[in-house]
Amino acid sequence: MIIDLNETTVSTVAKRLVSVREEGGAVALGRVLTLIIKSDHRPVEEAIEAANDASREHPMRVIVLVTHPDDASRLDAQIRVGGDAGASEVVILRAHGEAANNAESLVTGLLLPDAPVVVWWPETAPEAPGLDPLGRIAQRRITDSSTSTQAAERLQRLDETYRPGDTDLAWTRLTRWREHLAAVLDQPPYEPVTAVRVCGASSSPSTALLAAWLGLALDVPVEWQYERPSDWDHGIRSVRLERASGDIVLERRSSTHAVLTQPGQPDHDLLLPRRSLRECLAEELRRLDPDRLYGRVITDGWTALSRPVEPGAAAAADEDPTTTEEQA
């Protein structure tokens with residue numbers, strides 16, 4: 001069921017939510033959190049669909065705040081419940097003009113009582129998420145640096161402004177890479193890794209975060225190489241772990257598959273597709289405490305990571321790699 005409320009108020013929206021639950025017999029007792037999605041006058045249906053899918057694992061109230069600061073002042077709202085909202089209640093607020101000036105007051109009256117709050121910026125995130133008005137009322141703050149045209153600069157800002165509770169979907173997309181690499185190192189011959197080389201698209205923040213994580217976890221030099229994105233791959237391309245008995249290489253060969261090469265063993269084909277937005281969001285909502293490992297990677301590992309180099313290019317030293325980091 002979809003209910004449109006034009007030129008309304010937050011109080012009216014809250015009362016209508018209560019009446020919808022009473023009339024339809026729906027209750028909010030099973031809601032475990034409030035998810036706030038903040039967008040600046042951009043399409044939000046993809047983010048809403050991802051939240052609806054994730055709500056089947058995490059029943060929640062979803063508040064979508066879309067601001068149009070250049071329009072005449074008014075507040076329009078839409079309530080979605082039942083099949084149009086998955087296992088959640090979705091409230092879409094479109095704030096125009098002066099009504100968009102105080103984001104915190106717009107959502108405060110719609111928060112579930114005594115439930116954790118998570119805020120997610122699907123596109124452009126504030127310079128300091130933890131200091132943003134919405135970020136201050138949230139236990140977790142989710143950004144996505146892959147949406148920035150300058151991924152390296154965005155990661156640098158996340159490092160400088162990090163607060164416990166911050167996380168980034170570029171980090172969440174690494175889960176399967178980290179699982180595969182950790183599983184390999186848990187097998188004989190248990191030799192120490194002496195060096196690491198990580199290759200990926202120049203616009204991929206996940207490549208940088210994976211390199212930072214490996215350097216932090218293994219305490220070895222990490223070479224971060226960047227490449228031009230291919231037609232099918234705009235992310236991590238390969239990881240090489242150097243050991244005395246031979247190198248371990250995990251290389252993505254297509255958009256869905258990778259090959260693991262180890263000394264003395266046949267090559268292993270692995271399923272390694274790019275994770276969907278729904279998968280990443282659902283994973284982040286499984287924990288509402290600070291992700292301390294991400295905090296260490298973005299503050300310590302990222303800071304220690306050297307600037308990327310372009311393999312095989314003698315002129316690369318004269319080129320500023322940050323100028324080529326486009327289309328994350």
# chains A, B, ... in the order shown; residues from 1 in each chain; ligands from 1
>>> closest_atom_pairs(of="stretch 103-137 of chain A", to="stretch 149-154 of chain A", cutoff="12 Å", atoms="only C-alpha atoms", output="tab-separated table")
residue	atom	partner	partner_atom	distance
A:Glu123	CA	A:Thr149	CA	11.0
A:Thr124	CA	A:Arg154	CA	10.3
A:Ala125	CA	A:Arg154	CA	9.5
A:Pro126	CA	A:Arg154	CA	10.5
A:Glu127	CA	A:Arg154	CA	8.7
A:Ala128	CA	A:Arg154	CA	10.7
>>> residues_around(residues="stretch 206-218 of chain A", least_positions_apart="6", cutoff="8 Å", atoms="only C-alpha atoms", output="ChimeraX atom specification")
/A:146,152,170-171,173-174,178,193,196-200,224,235-236,297-298,300-302,304-305
>>> closest_residue(among="A:Arg176, A:Arg140, A:Arg94, A:His257", to="A:Leu65", atoms="only C-alpha atoms")
A:Arg94
>>> atom_distance(atom1="atom CA of A:Ala95", atom2="atom CA of A:Gln78")
11.7 Å
>>> closest_residue(among="A:Asp291, A:Asp219, A:Glu179, A:Glu46", to="A:Val64", atoms="only C-alpha atoms")
A:Glu46
>>> atom_distance(atom1="atom CA of A:Leu271", atom2="atom CA of A:Gln225")
23.4 Å
>>> select_by_dssp(residues="stretch 6-72 of chain A", states="helix (DSSP H, G or I)", output="VMD selection string")
chain A and resid 10 to 24 45 to 55
>>> write_last_selection(atoms="N, CA and C atoms", output="PDB file, in the first residue's frame")
ATOM      1  N   VAL A  10       5.705  16.683   9.466  1.00  0.00           N
ATOM      2  CA  VAL A  10       6.213  15.450  10.063  1.00  0.00           C
ATOM      3  C   VAL A  10       5.200  14.893  11.054  1.00  0.00           C
ATOM      4  N   SER A  11       4.533  15.760  11.804  1.00  0.00           N
ATOM      5  CA  SER A  11       3.527  15.314  12.775  1.00  0.00           C
ATOM      6  C   SER A  11       2.381  14.583  12.075  1.00  0.00           C
ATOM      7  N   THR A  12       1.955  15.103  10.932  1.00  0.00           N
ATOM      8  CA  THR A  12       0.875  14.456  10.182  1.00  0.00           C
ATOM      9  C   THR A  12       1.310  13.093   9.666  1.00  0.00           C
ATOM     10  N   VAL A  13       2.554  13.010   9.196  1.00  0.00           N
ATOM     11  CA  VAL A  13       3.087  11.733   8.704  1.00  0.00           C
ATOM     12  C   VAL A  13       3.129  10.713   9.839  1.00  0.00           C
ATOM     13  N   ALA A  14       3.601  11.132  11.010  1.00  0.00           N
ATOM     14  CA  ALA A  14       3.685  10.214  12.148  1.00  0.00           C
ATOM     15  C   ALA A  14       2.297   9.712  12.552  1.00  0.00           C
ATOM     16  N   LYS A  15       1.310  10.605  12.580  1.00  0.00           N
ATOM     17  CA  LYS A  15      -0.054  10.185  12.938  1.00  0.00           C
ATOM     18  C   LYS A  15      -0.623   9.231  11.899  1.00  0.00           C
ATOM     19  N   ARG A  16      -0.325   9.487  10.625  1.00  0.00           N
ATOM     20  CA  ARG A  16      -0.845   8.601   9.586  1.00  0.00           C
ATOM     21  C   ARG A  16      -0.212   7.221   9.684  1.00  0.00           C
ATOM     22  N   LEU A  17       1.071   7.160  10.051  1.00  0.00           N
ATOM     23  CA  LEU A  17       1.732   5.866  10.262  1.00  0.00           C
ATOM     24  C   LEU A  17       1.018   5.059  11.343  1.00  0.00           C
ATOM     25  N   VAL A  18       0.673   5.730  12.431  1.00  0.00           N
ATOM     26  CA  VAL A  18      -0.015   5.050  13.527  1.00  0.00           C
ATOM     27  C   VAL A  18      -1.369   4.527  13.058  1.00  0.00           C
ATOM     28  N   SER A  19      -2.111   5.357  12.324  1.00  0.00           N
ATOM     29  CA  SER A  19      -3.438   4.933  11.876  1.00  0.00           C
ATOM     30  C   SER A  19      -3.351   3.791  10.869  1.00  0.00           C
ATOM     31  N   VAL A  20      -2.329   3.800  10.029  1.00  0.00           N
ATOM     32  CA  VAL A  20      -2.157   2.709   9.065  1.00  0.00           C
ATOM     33  C   VAL A  20      -1.914   1.394   9.794  1.00  0.00           C
ATOM     34  N   ARG A  21      -1.107   1.434  10.851  1.00  0.00           N
ATOM     35  CA  ARG A  21      -0.843   0.212  11.619  1.00  0.00           C
ATOM     36  C   ARG A  21      -2.109  -0.273  12.318  1.00  0.00           C
ATOM     37  N   GLU A  22      -2.866   0.665  12.861  1.00  0.00           N
ATOM     38  CA  GLU A  22      -4.092   0.281  13.572  1.00  0.00           C
ATOM     39  C   GLU A  22      -5.149  -0.279  12.620  1.00  0.00           C
ATOM     40  N   GLU A  23      -5.304   0.355  11.466  1.00  0.00           N
ATOM     41  CA  GLU A  23      -6.318  -0.089  10.509  1.00  0.00           C
ATOM     42  C   GLU A  23      -5.959  -1.420   9.864  1.00  0.00           C
ATOM     43  N   GLY A  24      -4.667  -1.598   9.585  1.00  0.00           N
ATOM     44  CA  GLY A  24      -4.250  -2.801   8.884  1.00  0.00           C
ATOM     45  C   GLY A  24      -3.803  -3.917   9.794  1.00  0.00           C
ATOM     46  N   GLU A  45      15.245   5.027  -5.846  1.00  0.00           N
ATOM     47  CA  GLU A  45      14.548   3.744  -5.902  1.00  0.00           C
ATOM     48  C   GLU A  45      15.495   2.567  -5.738  1.00  0.00           C
ATOM     49  N   GLU A  46      16.714   2.657  -6.301  1.00  0.00           N
ATOM     50  CA  GLU A  46      17.669   1.551  -6.142  1.00  0.00           C
ATOM     51  C   GLU A  46      18.018   1.347  -4.678  1.00  0.00           C
ATOM     52  N   ALA A  47      18.242   2.447  -3.953  1.00  0.00           N
ATOM     53  CA  ALA A  47      18.550   2.344  -2.523  1.00  0.00           C
ATOM     54  C   ALA A  47      17.356   1.803  -1.745  1.00  0.00           C
ATOM     55  N   ILE A  48      16.149   2.223  -2.100  1.00  0.00           N
ATOM     56  CA  ILE A  48      14.955   1.729  -1.408  1.00  0.00           C
ATOM     57  C   ILE A  48      14.777   0.241  -1.654  1.00  0.00           C
ATOM     58  N   GLU A  49      14.990  -0.201  -2.887  1.00  0.00           N
ATOM     59  CA  GLU A  49      14.874  -1.633  -3.193  1.00  0.00           C
ATOM     60  C   GLU A  49      15.896  -2.445  -2.406  1.00  0.00           C
ATOM     61  N   ALA A  50      17.123  -1.932  -2.298  1.00  0.00           N
ATOM     62  CA  ALA A  50      18.144  -2.635  -1.518  1.00  0.00           C
ATOM     63  C   ALA A  50      17.740  -2.718  -0.051  1.00  0.00           C
ATOM     64  N   ALA A  51      17.181  -1.619   0.477  1.00  0.00           N
ATOM     65  CA  ALA A  51      16.738  -1.617   1.876  1.00  0.00           C
ATOM     66  C   ALA A  51      15.566  -2.572   2.071  1.00  0.00           C
ATOM     67  N   ASN A  52      14.639  -2.613   1.118  1.00  0.00           N
ATOM     68  CA  ASN A  52      13.511  -3.537   1.218  1.00  0.00           C
ATOM     69  C   ASN A  52      13.981  -4.990   1.241  1.00  0.00           C
ATOM     70  N   ASP A  53      14.945  -5.307   0.364  1.00  0.00           N
ATOM     71  CA  ASP A  53      15.489  -6.670   0.348  1.00  0.00           C
ATOM     72  C   ASP A  53      16.194  -6.992   1.664  1.00  0.00           C
ATOM     73  N   ALA A  54      16.995  -6.049   2.158  1.00  0.00           N
ATOM     74  CA  ALA A  54      17.717  -6.274   3.410  1.00  0.00           C
ATOM     75  C   ALA A  54      16.760  -6.382   4.592  1.00  0.00           C
ATOM     76  N   SER A  55      15.582  -5.747   4.477  1.00  0.00           N
ATOM     77  CA  SER A  55      14.631  -5.759   5.602  1.00  0.00           C
ATOM     78  C   SER A  55      14.067  -7.151   5.864  1.00  0.00           C
TER      79      SER A  55
END
>>> select_by_dssp(residues="stretch 54-290 of chain A", states="strand (DSSP E or B)", output="mmCIF file with N, CA and C atoms, in the first residue's frame")
data_model
loop_
_atom_site.group_PDB
_atom_site.id
_atom_site.type_symbol
_atom_site.label_atom_id
_atom_site.label_comp_id
_atom_site.auth_asym_id
_atom_site.auth_seq_id
_atom_site.Cartn_x
_atom_site.Cartn_y
_atom_site.Cartn_z
ATOM 1 N N MET A 60 12.760 -3.363 9.704
ATOM 2 C CA MET A 60 13.134 -2.019 10.139
ATOM 3 C C MET A 60 12.160 -0.994 9.582
ATOM 4 N N ARG A 61 12.276 0.215 10.080
ATOM 5 C CA ARG A 61 11.604 1.360 9.478
ATOM 6 C C ARG A 61 12.647 2.099 8.638
ATOM 7 N N VAL A 62 12.296 2.378 7.406
ATOM 8 C CA VAL A 62 13.192 3.084 6.494
ATOM 9 C C VAL A 62 12.663 4.493 6.288
ATOM 10 N N ILE A 63 13.485 5.478 6.608
ATOM 11 C CA ILE A 63 13.131 6.878 6.375
ATOM 12 C C ILE A 63 14.046 7.404 5.274
ATOM 13 N N VAL A 64 13.467 7.774 4.167
ATOM 14 C CA VAL A 64 14.229 8.298 3.029
ATOM 15 C C VAL A 64 14.038 9.811 2.996
ATOM 16 N N LEU A 65 15.131 10.537 3.117
ATOM 17 C CA LEU A 65 15.066 12.000 3.102
ATOM 18 C C LEU A 65 15.746 12.512 1.835
ATOM 19 N N VAL A 66 14.940 13.117 0.964
ATOM 20 C CA VAL A 66 15.448 13.691 -0.286
ATOM 21 C C VAL A 66 15.260 15.198 -0.210
ATOM 22 N N THR A 67 16.341 15.940 -0.343
ATOM 23 C CA THR A 67 16.274 17.393 -0.196
ATOM 24 C C THR A 67 16.374 18.091 -1.547
ATOM 25 N N HIS A 68 15.561 19.134 -1.698
ATOM 26 C CA HIS A 68 15.559 19.991 -2.888
ATOM 27 C C HIS A 68 15.686 21.430 -2.392
ATOM 28 N N ARG A 74 8.329 23.447 1.090
ATOM 29 C CA ARG A 74 7.212 22.549 1.369
ATOM 30 C C ARG A 74 7.764 21.164 1.679
ATOM 31 N N LEU A 75 6.927 20.324 2.260
ATOM 32 C CA LEU A 75 7.309 18.954 2.578
ATOM 33 C C LEU A 75 6.272 18.001 1.987
ATOM 34 N N ASP A 76 6.710 17.128 1.108
ATOM 35 C CA ASP A 76 5.863 16.076 0.558
ATOM 36 C C ASP A 76 6.324 14.738 1.137
ATOM 37 N N ALA A 77 5.395 13.828 1.319
ATOM 38 C CA ALA A 77 5.742 12.540 1.914
ATOM 39 C C ALA A 77 5.003 11.413 1.216
ATOM 40 N N GLN A 78 5.568 10.238 1.344
ATOM 41 C CA GLN A 78 4.920 9.028 0.844
ATOM 42 C C GLN A 78 5.186 7.903 1.841
ATOM 43 N N ILE A 79 4.153 7.149 2.180
ATOM 44 C CA ILE A 79 4.275 6.018 3.100
ATOM 45 C C ILE A 79 4.045 4.741 2.307
ATOM 46 N N ARG A 80 4.954 3.783 2.470
ATOM 47 C CA ARG A 80 4.809 2.487 1.821
ATOM 48 C C ARG A 80 4.817 1.401 2.888
ATOM 49 N N GLU A 89 8.725 -0.650 6.970
ATOM 50 C CA GLU A 89 7.859 0.486 6.685
ATOM 51 C C GLU A 89 8.745 1.535 6.036
ATOM 52 N N VAL A 90 8.337 2.060 4.915
ATOM 53 C CA VAL A 90 9.142 3.046 4.205
ATOM 54 C C VAL A 90 8.420 4.386 4.233
ATOM 55 N N VAL A 91 9.122 5.414 4.696
ATOM 56 C CA VAL A 91 8.600 6.778 4.685
ATOM 57 C C VAL A 91 9.556 7.616 3.845
ATOM 58 N N ILE A 92 9.045 8.162 2.760
ATOM 59 C CA ILE A 92 9.859 9.006 1.878
ATOM 60 C C ILE A 92 9.477 10.455 2.117
ATOM 61 N N LEU A 93 10.441 11.251 2.540
ATOM 62 C CA LEU A 93 10.235 12.678 2.770
ATOM 63 C C LEU A 93 10.970 13.456 1.694
ATOM 64 N N ARG A 94 10.250 14.314 0.985
ATOM 65 C CA ARG A 94 10.870 15.187 -0.011
ATOM 66 C C ARG A 94 10.740 16.619 0.501
ATOM 67 N N ALA A 95 11.867 17.130 1.003
ATOM 68 C CA ALA A 95 11.876 18.457 1.619
ATOM 69 C C ALA A 95 12.376 19.482 0.609
ATOM 70 N N HIS A 96 11.598 20.528 0.408
ATOM 71 C CA HIS A 96 11.918 21.562 -0.574
ATOM 72 C C HIS A 96 12.211 22.878 0.138
ATOM 73 N N VAL A 117 19.779 3.502 15.381
ATOM 74 C CA VAL A 117 19.618 4.291 14.157
ATOM 75 C C VAL A 117 20.861 4.110 13.290
ATOM 76 N N VAL A 118 20.631 3.827 12.013
ATOM 77 C CA VAL A 118 21.699 3.734 11.024
ATOM 78 C C VAL A 118 21.388 4.734 9.928
ATOM 79 N N VAL A 119 22.385 5.522 9.524
ATOM 80 C CA VAL A 119 22.186 6.463 8.429
ATOM 81 C C VAL A 119 23.076 6.053 7.264
ATOM 82 N N TRP A 120 22.532 6.148 6.063
ATOM 83 C CA TRP A 120 23.238 5.707 4.856
ATOM 84 C C TRP A 120 23.128 6.799 3.791
ATOM 85 N N ARG A 140 25.489 3.785 13.565
ATOM 86 C CA ARG A 140 26.319 3.425 12.416
ATOM 87 C C ARG A 140 26.076 4.421 11.299
ATOM 88 N N ARG A 141 27.155 4.733 10.544
ATOM 89 C CA ARG A 141 27.086 5.682 9.433
ATOM 90 C C ARG A 141 27.727 5.019 8.219
ATOM 91 N N ILE A 142 26.934 4.825 7.164
ATOM 92 C CA ILE A 142 27.382 4.080 5.991
ATOM 93 C C ILE A 142 27.562 5.030 4.822
ATOM 94 N N THR A 143 28.751 5.033 4.233
ATOM 95 C CA THR A 143 29.039 5.811 3.034
ATOM 96 C C THR A 143 29.465 4.851 1.929
ATOM 97 N N ASP A 166 31.639 4.694 11.846
ATOM 98 C CA ASP A 166 31.723 4.933 10.408
ATOM 99 C C ASP A 166 32.067 3.636 9.687
ATOM 100 N N THR A 167 31.550 3.467 8.489
ATOM 101 C CA THR A 167 31.955 2.368 7.619
ATOM 102 C C THR A 167 31.688 2.770 6.184
ATOM 103 N N ASP A 168 32.205 1.990 5.245
ATOM 104 C CA ASP A 168 32.100 2.329 3.832
ATOM 105 C C ASP A 168 31.829 1.058 3.040
ATOM 106 N N ALA A 195 56.122 -10.162 0.757
ATOM 107 C CA ALA A 195 55.706 -8.964 0.029
ATOM 108 C C ALA A 195 54.339 -9.215 -0.599
ATOM 109 N N VAL A 196 53.647 -8.141 -0.908
ATOM 110 C CA VAL A 196 52.295 -8.229 -1.475
ATOM 111 C C VAL A 196 52.188 -7.248 -2.634
ATOM 112 N N ARG A 197 51.504 -7.681 -3.687
ATOM 113 C CA ARG A 197 51.180 -6.762 -4.778
ATOM 114 C C ARG A 197 49.692 -6.861 -5.075
ATOM 115 N N VAL A 198 48.994 -5.732 -5.053
ATOM 116 C CA VAL A 198 47.560 -5.665 -5.311
ATOM 117 C C VAL A 198 47.343 -4.805 -6.548
ATOM 118 N N CYS A 199 46.596 -5.337 -7.523
ATOM 119 C CA CYS A 199 46.307 -4.605 -8.751
ATOM 120 C C CYS A 199 44.799 -4.405 -8.882
ATOM 121 N N GLY A 200 44.409 -3.255 -9.392
ATOM 122 C CA GLY A 200 42.999 -2.994 -9.593
ATOM 123 C C GLY A 200 42.784 -1.736 -10.396
ATOM 124 N N ALA A 201 41.535 -1.474 -10.733
ATOM 125 C CA ALA A 201 41.201 -0.289 -11.507
ATOM 126 C C ALA A 201 41.616 0.967 -10.749
ATOM 127 N N VAL A 222 53.652 -3.492 0.788
ATOM 128 C CA VAL A 222 52.564 -3.717 -0.162
ATOM 129 C C VAL A 222 52.739 -2.776 -1.340
ATOM 130 N N GLU A 223 52.772 -3.357 -2.545
ATOM 131 C CA GLU A 223 52.812 -2.556 -3.763
ATOM 132 C C GLU A 223 51.399 -2.479 -4.328
ATOM 133 N N TRP A 224 50.912 -1.277 -4.484
ATOM 134 C CA TRP A 224 49.562 -1.041 -4.971
ATOM 135 C C TRP A 224 49.662 -0.546 -6.407
ATOM 136 N N GLN A 225 49.239 -1.375 -7.351
ATOM 137 C CA GLN A 225 49.307 -1.026 -8.759
ATOM 138 C C GLN A 225 47.918 -0.710 -9.289
ATOM 139 N N TYR A 226 47.826 0.322 -10.089
ATOM 140 C CA TYR A 226 46.520 0.650 -10.658
ATOM 141 C C TYR A 226 46.538 0.438 -12.159
ATOM 142 N N GLU A 227 45.359 0.075 -12.674
ATOM 143 C CA GLU A 227 45.190 -0.196 -14.085
ATOM 144 C C GLU A 227 43.934 0.501 -14.580
ATOM 145 N N ILE A 236 38.866 -4.694 -8.112
ATOM 146 C CA ILE A 236 40.122 -5.395 -7.864
ATOM 147 C C ILE A 236 40.384 -6.377 -8.997
ATOM 148 N N ARG A 237 41.634 -6.425 -9.448
ATOM 149 C CA ARG A 237 42.001 -7.335 -10.529
ATOM 150 C C ARG A 237 42.748 -8.555 -10.011
ATOM 151 N N SER A 238 43.738 -8.351 -9.137
ATOM 152 C CA SER A 238 44.514 -9.501 -8.666
ATOM 153 C C SER A 238 45.257 -9.162 -7.382
ATOM 154 N N VAL A 239 45.629 -10.226 -6.642
ATOM 155 C CA VAL A 239 46.462 -10.112 -5.445
ATOM 156 C C VAL A 239 47.561 -11.154 -5.546
ATOM 157 N N ARG A 240 48.792 -10.746 -5.321
ATOM 158 C CA ARG A 240 49.941 -11.667 -5.324
ATOM 159 C C ARG A 240 50.620 -11.626 -3.963
ATOM 160 N N LEU A 241 50.699 -12.795 -3.309
ATOM 161 C CA LEU A 241 51.388 -12.927 -2.026
ATOM 162 C C LEU A 241 52.689 -13.669 -2.261
ATOM 163 N N GLU A 242 53.801 -13.044 -1.982
ATOM 164 C CA GLU A 242 55.114 -13.646 -2.227
ATOM 165 C C GLU A 242 55.596 -14.393 -0.992
ATOM 166 N N ILE A 248 51.534 -16.938 -4.276
ATOM 167 C CA ILE A 248 50.099 -17.232 -4.307
ATOM 168 C C ILE A 248 49.431 -16.093 -5.065
ATOM 169 N N VAL A 249 48.643 -16.423 -6.077
ATOM 170 C CA VAL A 249 47.998 -15.396 -6.897
ATOM 171 C C VAL A 249 46.496 -15.669 -6.950
ATOM 172 N N LEU A 250 45.729 -14.675 -6.604
ATOM 173 C CA LEU A 250 44.277 -14.720 -6.755
ATOM 174 C C LEU A 250 43.920 -13.656 -7.784
ATOM 175 N N GLU A 251 43.440 -14.100 -8.948
ATOM 176 C CA GLU A 251 43.226 -13.192 -10.069
ATOM 177 C C GLU A 251 41.810 -13.334 -10.611
ATOM 178 N N ARG A 252 41.121 -12.225 -10.730
ATOM 179 C CA ARG A 252 39.780 -12.249 -11.319
ATOM 180 C C ARG A 252 39.910 -12.319 -12.838
ATOM 181 N N HIS A 257 34.095 -14.821 -11.970
ATOM 182 C CA HIS A 257 34.997 -15.900 -11.581
ATOM 183 C C HIS A 257 36.438 -15.413 -11.422
ATOM 184 N N ALA A 258 37.160 -16.118 -10.560
ATOM 185 C CA ALA A 258 38.574 -15.848 -10.337
ATOM 186 C C ALA A 258 39.326 -17.177 -10.312
ATOM 187 N N VAL A 259 40.646 -17.095 -10.448
ATOM 188 C CA VAL A 259 41.502 -18.274 -10.431
ATOM 189 C C VAL A 259 42.535 -18.116 -9.324
ATOM 190 N N LEU A 260 42.659 -19.144 -8.497
ATOM 191 C CA LEU A 260 43.651 -19.171 -7.425
ATOM 192 C C LEU A 260 44.800 -20.067 -7.839
ATOM 193 N N THR A 261 46.007 -19.515 -7.869
ATOM 194 C CA THR A 261 47.203 -20.255 -8.256
ATOM 195 C C THR A 261 48.130 -20.362 -7.051
ATOM 196 N N HIS A 268 42.711 -23.323 -9.088
ATOM 197 C CA HIS A 268 41.354 -23.480 -8.563
ATOM 198 C C HIS A 268 40.477 -22.356 -9.108
ATOM 199 N N ASP A 269 39.346 -22.729 -9.712
ATOM 200 C CA ASP A 269 38.367 -21.743 -10.165
ATOM 201 C C ASP A 269 37.441 -21.393 -8.999
ATOM 202 N N LEU A 270 37.281 -20.106 -8.757
ATOM 203 C CA LEU A 270 36.465 -19.638 -7.638
ATOM 204 C C LEU A 270 35.365 -18.716 -8.142
ATOM 205 N N LEU A 271 34.211 -18.824 -7.534
ATOM 206 C CA LEU A 271 33.121 -17.903 -7.824
ATOM 207 C C LEU A 271 33.362 -16.621 -7.031
#
>>> closest_residue(among="A:Arg292, A:Ser202, A:Leu277, A:Pro266", to="A:Arg228", atoms="only C-alpha atoms")
A:Ser202
>>> atom_distance(atom1="atom CA of A:Ser145", atom2="atom CA of A:Ser255")
20.5 Å
